[in-house]
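The structure file query20.pdb is reproduced below (PDB, N, CA and C atoms).
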```pdb
MODEL        1
ATOM      1  N   MET A 114    -108.178  58.727  10.109
ATOM      2  CA  MET A 114    -107.098  58.911   9.167
ATOM      3  C   MET A 114    -106.164  57.694   9.235
ATOM      4  N   GLU A 115    -105.740  57.252   8.077
ATOM      5  CA  GLU A 115    -104.843  56.094   7.967
ATOM      6  C   GLU A 115    -103.397  56.565   7.809
ATOM      7  N   LEU A 116    -102.459  55.686   8.099
ATOM      8  CA  LEU A 116    -101.047  56.020   7.890
ATOM      9  C   LEU A 116    -100.782  56.428   6.442
ATOM     10  N   THR A 117    -101.414  55.734   5.509
ATOM     11  CA  THR A 117    -101.176  56.024   4.093
ATOM     12  C   THR A 117    -101.791  57.349   3.655
ATOM     13  N   ASP A 118    -102.560  58.001   4.513
ATOM     14  CA  ASP A 118    -103.056  59.337   4.216
ATOM     15  C   ASP A 118    -101.986  60.399   4.443
ATOM     16  N   LEU A 119    -100.926  60.031   5.157
ATOM     17  CA  LEU A 119     -99.828  60.967   5.407
ATOM     18  C   LEU A 119     -98.957  61.102   4.170
ATOM     19  N   PRO A 120     -98.352  62.280   3.975
ATOM     20  CA  PRO A 120     -97.406  62.414   2.867
ATOM     21  C   PRO A 120     -96.268  61.410   3.037
ATOM     22  N   ASN A 121     -95.790  60.872   1.947
ATOM     23  CA  ASN A 121     -94.617  59.986   1.900
ATOM     24  C   ASN A 121     -94.862  58.566   2.391
ATOM     25  N   VAL A 122     -96.041  58.245   2.877
ATOM     26  CA  VAL A 122     -96.292  56.920   3.456
ATOM     27  C   VAL A 122     -97.134  56.092   2.497
ATOM     28  N   GLY A 123     -96.474  55.145   1.849
ATOM     29  CA  GLY A 123     -97.155  54.197   0.995
ATOM     30  C   GLY A 123     -97.384  52.904   1.755
ATOM     31  N   PRO A 124     -97.834  51.875   1.054
ATOM     32  CA  PRO A 124     -98.153  50.607   1.719
ATOM     33  C   PRO A 124     -96.957  49.945   2.403
ATOM     34  N   VAL A 125     -95.779  50.019   1.805
ATOM     35  CA  VAL A 125     -94.603  49.353   2.410
ATOM     36  C   VAL A 125     -94.206  50.044   3.703
ATOM     37  N   LEU A 126     -94.091  51.360   3.668
ATOM     38  CA  LEU A 126     -93.715  52.088   4.884
ATOM     39  C   LEU A 126     -94.803  51.947   5.948
ATOM     40  N   ALA A 127     -96.059  51.978   5.529
ATOM     41  CA  ALA A 127     -97.145  51.772   6.493
ATOM     42  C   ALA A 127     -97.028  50.400   7.147
ATOM     43  N   GLY A 128     -96.693  49.383   6.355
ATOM     44  CA  GLY A 128     -96.496  48.042   6.914
ATOM     45  C   GLY A 128     -95.339  47.990   7.894
ATOM     46  N   ASN A 129     -94.254  48.690   7.561
ATOM     47  CA  ASN A 129     -93.110  48.750   8.482
ATOM     48  C   ASN A 129     -93.512  49.423   9.789
ATOM     49  N   LEU A 130     -94.272  50.497   9.681
ATOM     50  CA  LEU A 130     -94.722  51.202  10.883
ATOM     51  C   LEU A 130     -95.632  50.311  11.725
ATOM     52  N   GLN A 131     -96.547  49.617  11.076
ATOM     53  CA  GLN A 131     -97.438  48.732  11.823
ATOM     54  C   GLN A 131     -96.665  47.611  12.503
ATOM     55  N   ALA A 132     -95.591  47.160  11.879
ATOM     56  CA  ALA A 132     -94.775  46.088  12.466
ATOM     57  C   ALA A 132     -94.086  46.531  13.748
ATOM     58  N   ILE A 133     -93.915  47.844  13.926
ATOM     59  CA  ILE A 133     -93.303  48.336  15.172
ATOM     60  C   ILE A 133     -94.358  48.907  16.123
ATOM     61  N   GLY A 134     -95.633  48.683  15.795
ATOM     62  CA  GLY A 134     -96.706  49.096  16.690
ATOM     63  C   GLY A 134     -97.274  50.476  16.436
ATOM     64  N   VAL A 135     -96.873  51.113  15.337
ATOM     65  CA  VAL A 135     -97.419  52.431  14.986
ATOM     66  C   VAL A 135     -98.619  52.187  14.070
ATOM     67  N   MET A 136     -99.803  52.439  14.578
ATOM     68  CA  MET A 136    -101.022  52.126  13.843
ATOM     69  C   MET A 136    -101.736  53.345  13.281
ATOM     70  N   THR A 137    -101.451  54.514  13.837
ATOM     71  CA  THR A 137    -102.155  55.731  13.420
ATOM     72  C   THR A 137    -101.165  56.872  13.212
ATOM     73  N   PRO A 138    -101.579  57.902  12.476
ATOM     74  CA  PRO A 138    -100.720  59.079  12.354
ATOM     75  C   PRO A 138    -100.359  59.684  13.717
ATOM     76  N   GLU A 139    -101.297  59.640  14.640
ATOM     77  CA  GLU A 139    -101.026  60.164  15.978
ATOM     78  C   GLU A 139     -99.919  59.369  16.663
ATOM     79  N   ASP A 140     -99.934  58.044  16.494
ATOM     80  CA  ASP A 140     -98.862  57.213  17.050
ATOM     81  C   ASP A 140     -97.508  57.658  16.497
ATOM     82  N   LEU A 141     -97.460  57.905  15.190
ATOM     83  CA  LEU A 141     -96.208  58.310  14.561
ATOM     84  C   LEU A 141     -95.757  59.668  15.078
ATOM     85  N   ARG A 142     -96.669  60.602  15.175
ATOM     86  CA  ARG A 142     -96.301  61.936  15.677
ATOM     87  C   ARG A 142     -95.788  61.853  17.106
ATOM     88  N   ARG A 143     -96.426  61.028  17.904
ATOM     89  CA  ARG A 143     -96.019  60.868  19.303
ATOM     90  C   ARG A 143     -94.619  60.258  19.397
ATOM     91  N   LEU A 144     -94.350  59.265  18.565
ATOM     92  CA  LEU A 144     -93.062  58.574  18.599
ATOM     93  C   LEU A 144     -91.956  59.423  17.996
ATOM     94  N   GLY A 145     -92.266  60.111  16.908
ATOM     95  CA  GLY A 145     -91.266  60.921  16.219
ATOM     96  C   GLY A 145     -90.575  60.132  15.120
ATOM     97  N   ALA A 146     -90.098  60.860  14.134
ATOM     98  CA  ALA A 146     -89.501  60.232  12.954
ATOM     99  C   ALA A 146     -88.248  59.432  13.288
ATOM    100  N   GLU A 147     -87.374  60.022  14.082
ATOM    101  CA  GLU A 147     -86.107  59.341  14.365
ATOM    102  C   GLU A 147     -86.319  58.038  15.120
ATOM    103  N   GLU A 148     -87.156  58.072  16.150
ATOM    104  CA  GLU A 148     -87.394  56.849  16.932
ATOM    105  C   GLU A 148     -88.105  55.795  16.094
ATOM    106  N   ALA A 149     -89.068  56.216  15.284
ATOM    107  CA  ALA A 149     -89.752  55.261  14.410
ATOM    108  C   ALA A 149     -88.765  54.614  13.448
ATOM    109  N   TRP A 150     -87.902  55.419  12.854
ATOM    110  CA  TRP A 150     -86.909  54.899  11.911
ATOM    111  C   TRP A 150     -85.961  53.916  12.612
ATOM    112  N   LEU A 151     -85.502  54.274  13.814
ATOM    113  CA  LEU A 151     -84.615  53.364  14.557
ATOM    114  C   LEU A 151     -85.292  52.022  14.824
ATOM    115  N   ARG A 152     -86.537  52.061  15.237
ATOM    116  CA  ARG A 152     -87.258  50.816  15.524
ATOM    117  C   ARG A 152     -87.458  49.996  14.255
ATOM    118  N   ILE A 153     -87.776  50.663  13.139
ATOM    119  CA  ILE A 153     -87.891  49.943  11.867
ATOM    120  C   ILE A 153     -86.556  49.301  11.525
ATOM    121  N   ARG A 154     -85.478  50.033  11.669
ATOM    122  CA  ARG A 154     -84.155  49.518  11.317
ATOM    123  C   ARG A 154     -83.772  48.323  12.196
ATOM    124  N   LEU A 155     -84.105  48.398  13.462
ATOM    125  CA  LEU A 155     -83.734  47.331  14.393
ATOM    126  C   LEU A 155     -84.625  46.100  14.279
ATOM    127  N   ARG A 156     -85.910  46.291  13.998
ATOM    128  CA  ARG A 156     -86.862  45.186  14.077
ATOM    129  C   ARG A 156     -87.390  44.678  12.741
ATOM    130  N   VAL A 157     -87.364  45.539  11.703
ATOM    131  CA  VAL A 157     -88.066  45.185  10.472
ATOM    132  C   VAL A 157     -87.152  45.173   9.257
ATOM    133  N   ASP A 158     -86.390  46.254   9.075
ATOM    134  CA  ASP A 158     -85.599  46.428   7.857
ATOM    135  C   ASP A 158     -84.238  47.000   8.205
ATOM    136  N   SER A 159     -83.259  46.127   8.345
ATOM    137  CA  SER A 159     -81.920  46.582   8.734
ATOM    138  C   SER A 159     -81.283  47.484   7.688
ATOM    139  N   GLY A 160     -81.856  47.523   6.500
ATOM    140  CA  GLY A 160     -81.341  48.380   5.448
ATOM    141  C   GLY A 160     -82.097  49.693   5.314
ATOM    142  N   ALA A 161     -82.897  50.053   6.313
ATOM    143  CA  ALA A 161     -83.647  51.316   6.254
ATOM    144  C   ALA A 161     -82.679  52.464   5.989
ATOM    145  N   CYS A 162     -83.009  53.278   4.987
ATOM    146  CA  CYS A 162     -82.064  54.282   4.488
ATOM    147  C   CYS A 162     -82.462  55.694   4.906
ATOM    148  N   LEU A 163     -81.607  56.628   4.523
ATOM    149  CA  LEU A 163     -81.847  58.039   4.802
ATOM    150  C   LEU A 163     -83.163  58.507   4.185
ATOM    151  N   HIS A 164     -83.480  58.023   2.999
ATOM    152  CA  HIS A 164     -84.718  58.438   2.343
ATOM    153  C   HIS A 164     -85.945  58.044   3.170
ATOM    154  N   GLN A 165     -85.889  56.882   3.814
ATOM    155  CA  GLN A 165     -87.001  56.458   4.662
ATOM    156  C   GLN A 165     -87.105  57.355   5.896
ATOM    157  N   LEU A 166     -85.972  57.722   6.455
ATOM    158  CA  LEU A 166     -85.952  58.646   7.589
ATOM    159  C   LEU A 166     -86.542  59.997   7.182
ATOM    160  N   GLN A 167     -86.153  60.495   6.026
ATOM    161  CA  GLN A 167     -86.695  61.761   5.528
ATOM    162  C   GLN A 167     -88.199  61.648   5.270
ATOM    163  N   ALA A 168     -88.619  60.513   4.726
ATOM    164  CA  ALA A 168     -90.048  60.296   4.481
ATOM    165  C   ALA A 168     -90.830  60.337   5.791
ATOM    166  N   LEU A 169     -90.294  59.716   6.816
ATOM    167  CA  LEU A 169     -90.958  59.714   8.121
ATOM    168  C   LEU A 169     -91.014  61.127   8.697
ATOM    169  N   ALA A 170     -89.925  61.865   8.573
ATOM    170  CA  ALA A 170     -89.899  63.236   9.086
ATOM    171  C   ALA A 170     -90.921  64.096   8.352
ATOM    172  N   GLY A 171     -91.020  63.925   7.051
ATOM    173  CA  GLY A 171     -92.027  64.653   6.291
ATOM    174  C   GLY A 171     -93.427  64.268   6.709
ATOM    175  N   ALA A 172     -93.644  62.985   6.939
ATOM    176  CA  ALA A 172     -94.966  62.517   7.369
ATOM    177  C   ALA A 172     -95.345  63.141   8.707
ATOM    178  N   VAL A 173     -94.399  63.182   9.627
ATOM    179  CA  VAL A 173     -94.656  63.795  10.930
ATOM    180  C   VAL A 173     -94.992  65.276  10.765
ATOM    181  N   ALA A 174     -94.267  65.954   9.872
ATOM    182  CA  ALA A 174     -94.479  67.387   9.638
ATOM    183  C   ALA A 174     -95.673  67.663   8.728
ATOM    184  N   GLY A 175     -96.167  66.626   8.048
ATOM    185  CA  GLY A 175     -97.305  66.800   7.154
ATOM    186  C   GLY A 175     -96.943  67.373   5.798
ATOM    187  N   VAL A 176     -95.676  67.151   5.382
ATOM    188  CA  VAL A 176     -95.222  67.687   4.093
ATOM    189  C   VAL A 176     -94.480  66.607   3.306
ATOM    190  N   PRO A 177     -94.445  66.736   1.973
ATOM    191  CA  PRO A 177     -93.592  65.839   1.201
ATOM    192  C   PRO A 177     -92.131  66.017   1.633
ATOM    193  N   LYS A 178     -91.368  64.937   1.604
ATOM    194  CA  LYS A 178     -89.995  65.009   2.119
ATOM    195  C   LYS A 178     -89.156  66.048   1.398
ATOM    196  N   LYS A 179     -89.453  66.322   0.142
ATOM    197  CA  LYS A 179     -88.674  67.324  -0.596
ATOM    198  C   LYS A 179     -88.894  68.730  -0.052
ATOM    199  N   GLU A 180     -89.950  68.918   0.740
ATOM    200  CA  GLU A 180     -90.237  70.227   1.313
ATOM    201  C   GLU A 180     -89.652  70.426   2.705
ATOM    202  N   LEU A 181     -88.915  69.436   3.216
ATOM    203  CA  LEU A 181     -88.242  69.614   4.505
ATOM    204  C   LEU A 181     -87.209  70.722   4.363
ATOM    205  N   SER A 182     -87.051  71.512   5.401
ATOM    206  CA  SER A 182     -86.091  72.614   5.355
ATOM    207  C   SER A 182     -84.664  72.072   5.279
ATOM    208  N   PRO A 183     -83.748  72.868   4.751
ATOM    209  CA  PRO A 183     -82.340  72.443   4.730
ATOM    210  C   PRO A 183     -81.819  72.120   6.130
ATOM    211  N   GLU A 184     -82.291  72.873   7.135
ATOM    212  CA  GLU A 184     -81.853  72.618   8.511
ATOM    213  C   GLU A 184     -82.324  71.247   8.980
ATOM    214  N   ARG A 185     -83.583  70.937   8.696
ATOM    215  CA  ARG A 185     -84.126  69.632   9.110
ATOM    216  C   ARG A 185     -83.424  68.503   8.367
ATOM    217  N   ARG A 186     -83.169  68.719   7.081
ATOM    218  CA  ARG A 186     -82.439  67.709   6.306
ATOM    219  C   ARG A 186     -81.054  67.461   6.917
ATOM    220  N   GLY A 187     -80.407  68.537   7.339
ATOM    221  CA  GLY A 187     -79.098  68.404   7.981
ATOM    222  C   GLY A 187     -79.164  67.625   9.282
ATOM    223  N   GLU A 188     -80.203  67.914  10.079
ATOM    224  CA  GLU A 188     -80.393  67.167  11.336
ATOM    225  C   GLU A 188     -80.573  65.679  11.059
ATOM    226  N   LEU A 189     -81.385  65.377  10.052
ATOM    227  CA  LEU A 189     -81.647  63.980   9.711
ATOM    228  C   LEU A 189     -80.394  63.293   9.202
ATOM    229  N   GLN A 190     -79.599  63.996   8.397
ATOM    230  CA  GLN A 190     -78.347  63.428   7.897
ATOM    231  C   GLN A 190     -77.405  63.107   9.048
ATOM    232  N   THR A 191     -77.280  64.037   9.987
ATOM    233  CA  THR A 191     -76.417  63.828  11.152
ATOM    234  C   THR A 191     -76.902  62.628  11.964
ATOM    235  N   PHE A 192     -78.208  62.563  12.195
ATOM    236  CA  PHE A 192     -78.783  61.439  12.927
ATOM    237  C   PHE A 192     -78.506  60.129  12.200
ATOM    238  N   PHE A 193     -78.754  60.103  10.904
ATOM    239  CA  PHE A 193     -78.518  58.911  10.110
ATOM    240  C   PHE A 193     -77.057  58.483  10.192
ATOM    241  N   ASP A 194     -76.145  59.433  10.011
ATOM    242  CA  ASP A 194     -74.712  59.135  10.042
ATOM    243  C   ASP A 194     -74.277  58.582  11.389
ATOM    244  N   SER A 195     -74.921  59.008  12.466
ATOM    245  CA  SER A 195     -74.545  58.543  13.797
ATOM    246  C   SER A 195     -75.097  57.142  14.089
ATOM    247  N   HIS A 196     -75.921  56.608  13.202
ATOM    248  CA  HIS A 196     -76.514  55.285  13.411
ATOM    249  C   HIS A 196     -76.205  54.303  12.273
ATOM    250  N   LYS A 197     -75.100  54.530  11.612
ATOM    251  CA  LYS A 197     -74.710  53.619  10.512
ATOM    252  C   LYS A 197     -74.170  52.327  11.073
TER     253      LYS A 197
ENDMDL
END
```
Please render this file's structure as structure tokens.
Amino acid sequence: MELTDLPNVGPVLAGNLQAIGVMTPEDLRRLGAEEAWLRIRLRVDSGACLHQLQALAGAVAGVPKKELSPERRGELQTFFDSHK
């Protein structure tokens, strides 16, 4: 399975993930959405936004980001706000 087989992961996000050493869906699940997003923000794209964080969380959960629960969305918003 390729990174782009995950929901929400297109070629750009897959490239960002590969740039931080995430090569497989298993790598992403092991690292987690928040840590992956932080590493992307620090090493690849300083403008990584909340939508990218939500996309990563959806990819980890195996769902489109719009299907994340309100609770999970709230957690991600809080995390994002604490790293502005």
*For the structure provided, state which residues fall under the PyMOL selection byres ((chain A and resi 119-125) around 7), and present them as JSON, numbers by chain.*
{"A": [115, 116, 117, 118, 126, 127, 128, 129, 130, 168, 169, 171, 172, 173, 175, 176, 177, 178]}
*Expressed in Å to a single decimal, how great is the separation between atom C of Met114 in chain A and CA of Thr137 in chain A?*
6.1 Å
*Given the choices A:Arg156, A:Leu141, A:Ala174, A:Glu147, which gets closest to Leu189 in chain A if the distance is worked out from all atoms listed in the file?*
A:Glu147
*Any idea what the distance is between CA of Lys197 in chain A and CA of Gly145 in chain A?*
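Here the two named atoms are 19.0 Å from each other.
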Padding of 3 Å on every side, edges along x, y and z, all listed atoms of range 115-133 of chain A included: what centre and edge lengths in Å, to one decimal, does that box have, as lines of an AutoDock Vina configuration file?
```
center_x = -99.4
center_y = 54.3
center_z = 8.6
size_x = 18.6
size_y = 22.3
size_z = 21.1
```
*Find the distance between atom N of His196 in chain A and CA of Leu151 in chain A and write it in Å to one decimal.*
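Separation of atom N of His196 in chain A and CA of Leu151 in chain A: 9.4 Å.
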